[in-house]
$ cat upload.txt   # compact mmCIF, C-alpha atoms
# COMPACT_ATOMS: atom_id res chain seq x y z
CA MET A 1 155.95 26.21 -27.39
CA SER A 2 154.35 24.85 -24.28
CA LEU A 3 150.94 25.47 -22.79
CA ALA A 4 152.73 25.71 -19.44
CA THR A 5 154.24 29.02 -20.58
CA VAL A 6 150.82 30.50 -21.38
CA GLU A 7 149.69 32.84 -18.61
CA LEU A 8 146.29 34.47 -18.21
CA LEU A 9 146.48 37.81 -16.44
CA HIS A 10 143.57 39.93 -15.25
CA VAL A 11 143.48 43.37 -16.82
CA GLU A 12 143.89 45.42 -13.68
CA ASP A 13 146.97 47.65 -13.85
CA THR A 14 148.71 49.98 -16.28
CA VAL A 15 150.81 47.25 -17.91
CA THR A 16 147.91 44.85 -18.54
CA ARG A 17 145.59 47.71 -19.58
CA ASP A 18 148.14 48.91 -22.14
CA ALA A 19 148.60 45.37 -23.44
CA ALA A 20 144.81 44.90 -23.67
CA ARG A 21 144.41 48.24 -25.44
CA ASN A 22 147.04 47.31 -28.05
CA LEU A 23 145.70 43.80 -28.61
CA ILE A 24 142.05 44.86 -28.87
CA ALA A 25 142.99 47.66 -31.29
CA GLU A 26 145.01 45.20 -33.39
CA TYR A 27 142.13 42.72 -33.39
CA LEU A 28 139.47 45.30 -34.23
CA ARG A 29 141.54 46.85 -37.03
CA TRP A 30 141.89 43.37 -38.56
CA ILE A 31 138.16 42.69 -38.10
CA ALA A 32 137.23 46.14 -39.47
CA SER A 33 139.34 45.61 -42.58
CA SER A 34 137.79 42.20 -43.23
CA ALA A 35 134.28 43.43 -42.45
CA SER A 36 134.70 46.29 -44.90
CA THR A 37 136.12 44.07 -47.65
CA ASN A 38 133.78 41.10 -47.19
CA TYR A 39 130.53 42.69 -46.01
CA GLY A 40 130.69 46.45 -46.67
CA LEU A 41 130.54 47.17 -42.93
CA THR A 42 132.41 49.86 -41.03
CA PHE A 43 132.74 50.68 -37.35
CA ASP A 44 134.65 53.05 -35.10
CA VAL A 45 137.60 51.05 -33.76
CA ASP A 46 138.79 53.86 -31.48
CA ALA A 47 135.37 54.22 -29.85
CA MET A 48 135.17 50.47 -29.29
CA VAL A 49 138.64 50.28 -27.74
CA THR A 50 137.91 53.24 -25.47
CA SER A 51 134.63 51.68 -24.34
CA ASP A 52 136.29 48.32 -23.73
CA LEU A 53 139.00 49.78 -21.50
CA ASP A 54 137.20 52.61 -19.77
CA ASP A 55 133.70 51.25 -19.09
CA GLN A 56 134.18 49.54 -15.72
CA SER A 57 130.76 47.86 -15.99
CA LYS A 58 131.60 46.12 -19.27
CA PHE A 59 134.31 43.47 -18.76
CA TYR A 60 135.42 43.97 -15.20
CA PRO A 61 134.32 42.18 -11.99
CA PRO A 62 131.99 41.55 -10.43
CA ASP A 63 129.89 40.76 -13.54
CA GLY A 64 132.62 40.45 -16.17
CA ARG A 65 136.16 39.26 -16.69
CA PHE A 66 139.00 40.75 -18.73
CA TYR A 67 142.20 38.83 -19.48
CA VAL A 68 145.36 39.23 -21.49
CA ILE A 69 147.44 36.23 -22.51
CA ARG A 70 151.20 36.32 -21.95
CA HIS A 71 153.56 33.84 -23.56
CA SER A 72 157.34 34.03 -23.26
CA ASN A 73 157.07 37.48 -21.66
CA THR A 74 155.07 38.84 -24.60
CA TYR A 75 151.37 39.71 -24.60
CA VAL A 76 149.82 37.66 -27.40
CA GLY A 77 146.07 37.61 -26.79
CA VAL A 78 143.02 38.98 -25.07
CA GLY A 79 139.50 37.89 -24.17
CA CYS A 80 136.56 39.12 -22.15
CA LEU A 81 133.32 38.09 -20.51
CA LYS A 82 130.46 40.58 -20.36
CA ARG A 83 127.09 40.45 -18.59
CA LEU A 84 124.08 40.65 -20.93
CA ALA A 85 121.38 39.77 -18.40
CA PRO A 86 121.33 38.35 -14.86
CA THR A 87 121.83 34.79 -16.13
CA VAL A 88 123.39 35.48 -19.56
CA ALA A 89 126.97 36.43 -20.39
CA GLU A 90 128.77 37.07 -23.67
CA VAL A 91 132.32 36.21 -24.72
CA GLN A 92 133.90 39.16 -26.50
CA ARG A 93 137.21 40.22 -28.03
CA MET A 94 138.68 36.71 -28.15
CA TYR A 95 141.92 37.19 -30.04
CA VAL A 96 145.28 35.43 -30.23
CA GLN A 97 147.94 36.90 -32.47
CA PRO A 98 148.69 34.78 -35.56
CA ASP A 99 152.24 33.85 -34.43
CA ALA A 100 150.88 32.48 -31.14
CA ARG A 101 148.05 30.40 -32.55
CA GLY A 102 148.33 26.67 -32.09
CA ILE A 103 149.85 26.77 -28.58
CA GLY A 104 146.52 26.27 -26.81
CA ALA A 105 146.20 29.85 -25.60
CA GLY A 106 142.75 30.42 -27.10
CA ARG A 107 141.34 27.20 -25.63
CA ARG A 108 142.84 27.96 -22.24
CA LEU A 109 141.33 31.45 -22.28
CA LEU A 110 137.93 30.18 -23.39
CA ASP A 111 137.97 27.49 -20.68
CA GLN A 112 138.78 30.14 -18.07
CA LEU A 113 136.01 32.46 -19.27
CA LEU A 114 133.51 29.59 -19.08
CA THR A 115 134.74 28.63 -15.61
CA ASP A 116 134.34 32.26 -14.56
CA ALA A 117 130.84 32.40 -16.07
CA ARG A 118 129.79 29.38 -14.02
CA ALA A 119 131.33 30.83 -10.85
CA ILE A 120 129.54 34.16 -11.36
CA GLY A 121 126.24 32.29 -11.77
CA TYR A 122 125.52 32.63 -15.47
CA ALA A 123 123.41 29.86 -17.02
CA VAL A 124 124.06 30.78 -20.65
CA VAL A 125 127.06 32.18 -22.53
CA ARG A 126 126.61 33.72 -25.98
CA LEU A 127 128.89 35.13 -28.60
CA GLU A 128 128.82 36.66 -32.05
CA SER A 129 131.54 36.35 -34.64
CA LEU A 130 131.91 37.27 -38.28
CA LYS A 131 131.44 34.33 -40.62
CA PHE A 132 135.00 34.42 -41.97
CA LEU A 133 136.35 33.40 -38.52
CA ALA A 134 135.66 29.70 -39.11
CA THR A 135 138.63 28.52 -37.03
CA ALA A 136 137.26 30.36 -34.00
CA HIS A 137 133.83 28.83 -34.60
CA ALA A 138 135.41 25.36 -34.54
CA LEU A 139 136.95 26.14 -31.13
CA TYR A 140 133.59 27.31 -29.79
CA ARG A 141 131.78 24.25 -31.16
CA SER A 142 134.39 21.96 -29.59
CA VAL A 143 133.27 23.07 -26.11
CA GLY A 144 129.55 22.84 -26.89
CA PHE A 145 128.50 26.15 -28.42
CA VAL A 146 125.72 25.86 -31.01
CA GLU A 147 124.45 28.37 -33.54
CA ILE A 148 121.38 30.39 -32.63
CA THR A 149 119.36 33.16 -34.22
CA PRO A 150 120.77 36.68 -33.73
CA TYR A 151 120.08 38.11 -30.30
CA ALA A 152 118.94 41.68 -29.78
CA GLU A 153 121.61 42.74 -27.28
CA ASN A 154 124.52 41.93 -29.61
CA SER A 155 127.64 44.05 -29.17
CA MET A 156 127.64 45.67 -32.60
CA LYS A 157 124.26 47.32 -32.04
CA ALA A 158 125.99 50.39 -30.57
CA TYR A 159 128.49 50.62 -33.42
CA GLN A 160 126.39 50.02 -36.54
CA PRO A 161 123.82 52.39 -38.02
CA ALA A 162 120.33 50.91 -37.83
CA GLU A 163 120.18 50.53 -41.62
CA LYS A 164 123.29 48.29 -41.54
CA MET A 165 122.19 45.96 -38.74
CA GLU A 166 120.58 43.44 -41.07
CA THR A 167 123.79 43.34 -43.14
CA TYR A 168 125.75 42.81 -39.93
CA ARG A 169 123.43 40.04 -38.71
CA SER A 170 123.68 38.20 -42.03
CA SER A 171 127.50 38.42 -41.94
CA ALA A 172 127.83 37.03 -38.42
CA VAL A 173 127.45 33.73 -36.62
CA PHE A 174 125.62 33.87 -33.29
CA MET A 175 126.32 31.05 -30.84
CA GLU A 176 125.25 29.95 -27.37
CA LEU A 177 126.36 27.49 -24.70
CA ARG A 178 124.10 26.43 -21.86
CA LEU A 179 126.23 25.88 -18.77
$ encode --input "upload.txt" --output "structure tokens"
Amino acid sequence: MSLATVELLHVEDTVTRDAARNLIAEYLRWIASSASTNYGLTFDVDAMVTSDLDDQSKFYPPDGRFYVIRHSNTYVGVGCLKRLAPTVAEVQRMYVQPDARGIGAGRRLLDQLLTDARAIGYAVVRLESLKFLATAHALYRSVGFVEITPYAENSMKAYQPAEKMETYRSSAVFMELRL
């Protein structure tokens, strides 16, 4: 498998929206299962997918970016950039299917999201990720992300009951990169 055959496509039409919907749902079902097993957390996957695809202010330009990854004519990954504040963005929904890992798709997507963040004018990019995703954390660290304390505007705030937020925070890694 060659990096040259990895394409990043903006989510902007029916085909890419359907691919993004399927990949995000697959990713969130996997995360939800692991979060339930490892941390006793639950969240509404359907509500999250609907918000991701339908909220035009979330991942879409001008303040965000929304990509699917295509390899050998198959959609194999997804990733997004979301505005948190005028100078702060967040990477969300970074996912590459297991069979496509190791071809450089995740790094290429992350590099593109960071390039986009700089072009938009963000000074800081943050992310949150459950602790069991150590391989993803290694990718983030390799481009300069460092761990930080949990930030208030994290994405799970809308999907966790208030009494579970401390459990969520203790099960997640929060990271930041200054651009």
$ atom_distance --input "upload.txt" --atom1 "CA of Val76 in chain A" --atom2 "CA of Gln97 in chain A"
5.5 Å
$ atom_distance --input "upload.txt" --atom1 "CA of Asn22 in chain A" --atom2 "CA of Thr135 in chain A"
22.5 Å
$ atom_distance --input "upload.txt" --atom1 "CA of Arg21 in chain A" --atom2 "CA of Tyr151 in chain A"
26.8 Å
$ residues_around --input "upload.txt" --residues "Val49 in chain A" --least-positions-apart "6" --cutoff "12 Å" --atoms "all atoms listed in the file" --output "VMD selection string"
chain A and resid 17 to 29 43 55 58 93 159
$ residues_around --input "upload.txt" --residues "Glu7 in chain A" --least-positions-apart "2" --cutoff "8 Å" --atoms "only C-alpha atoms" --output "list in words"
Ala4, Thr5, Leu9, Ile69, Arg70 and His71 of chain A
$ closest_residue --input "upload.txt" --among "A:Ala117, A:Ala35, A:Leu139, A:Val15" --to "Lys82 in chain A" --atoms "only C-alpha atoms"
A:Ala117
$ closest_residue --input "upload.txt" --among "A:Thr74, A:Ser142, A:Thr115, A:Ser57" --to "Asp99 in chain A" --atoms "all atoms listed in the file"
A:Thr74
$ closest_atom_pairs --input "upload.txt" --of "range 8-123 of chain A" --to "range 174-178 of chain A" --cutoff "10 Å" --atoms "only C-alpha atoms" --output "JSON lines"
{"residue": "A:Val88", "atom": "CA", "partner": "A:Arg178", "partner_atom": "CA", "distance": 9.4}
{"residue": "A:Ala89", "atom": "CA", "partner": "A:Glu176", "partner_atom": "CA", "distance": 9.7}
{"residue": "A:Glu90", "atom": "CA", "partner": "A:Glu176", "partner_atom": "CA", "distance": 8.8}
{"residue": "A:Val91", "atom": "CA", "partner": "A:Glu176", "partner_atom": "CA", "distance": 9.8}
{"residue": "A:Leu114", "atom": "CA", "partner": "A:Leu177", "partner_atom": "CA", "distance": 9.3}
{"residue": "A:Tyr122", "atom": "CA", "partner": "A:Arg178", "partner_atom": "CA", "distance": 9.0}
{"residue": "A:Ala123", "atom": "CA", "partner": "A:Arg178", "partner_atom": "CA", "distance": 6.0}
$ residues_around --input "upload.txt" --residues "Gln112 in chain A" --least-positions-apart "5" --cutoff "10 Å" --atoms "only C-alpha atoms" --output "JSON, numbers by chain"
{"A": [8, 65, 67, 79, 81, 106, 107, 117, 118]}
$ closest_residue --input "upload.txt" --among "A:Val11, A:Val143, A:Ala134, A:Ser36" --to "Asp52 in chain A" --atoms "all atoms listed in the file"
A:Val11
$ closest_residue --input "upload.txt" --among "A:Tyr39, A:Lys131, A:Asp63, A:Thr50" --to "Leu113 in chain A" --atoms "all atoms listed in the file"
A:Asp63
$ closest_residue --input "upload.txt" --among "A:Asn73, A:Ser171, A:Thr87, A:Ser33" --to "Val124 in chain A" --atoms "all atoms listed in the file"
A:Thr87
$ closest_residue --input "upload.txt" --among "A:Gly144, A:Gly40, A:Gly64, A:Pro150" --to "Leu84 in chain A" --atoms "only C-alpha atoms"
A:Gly64
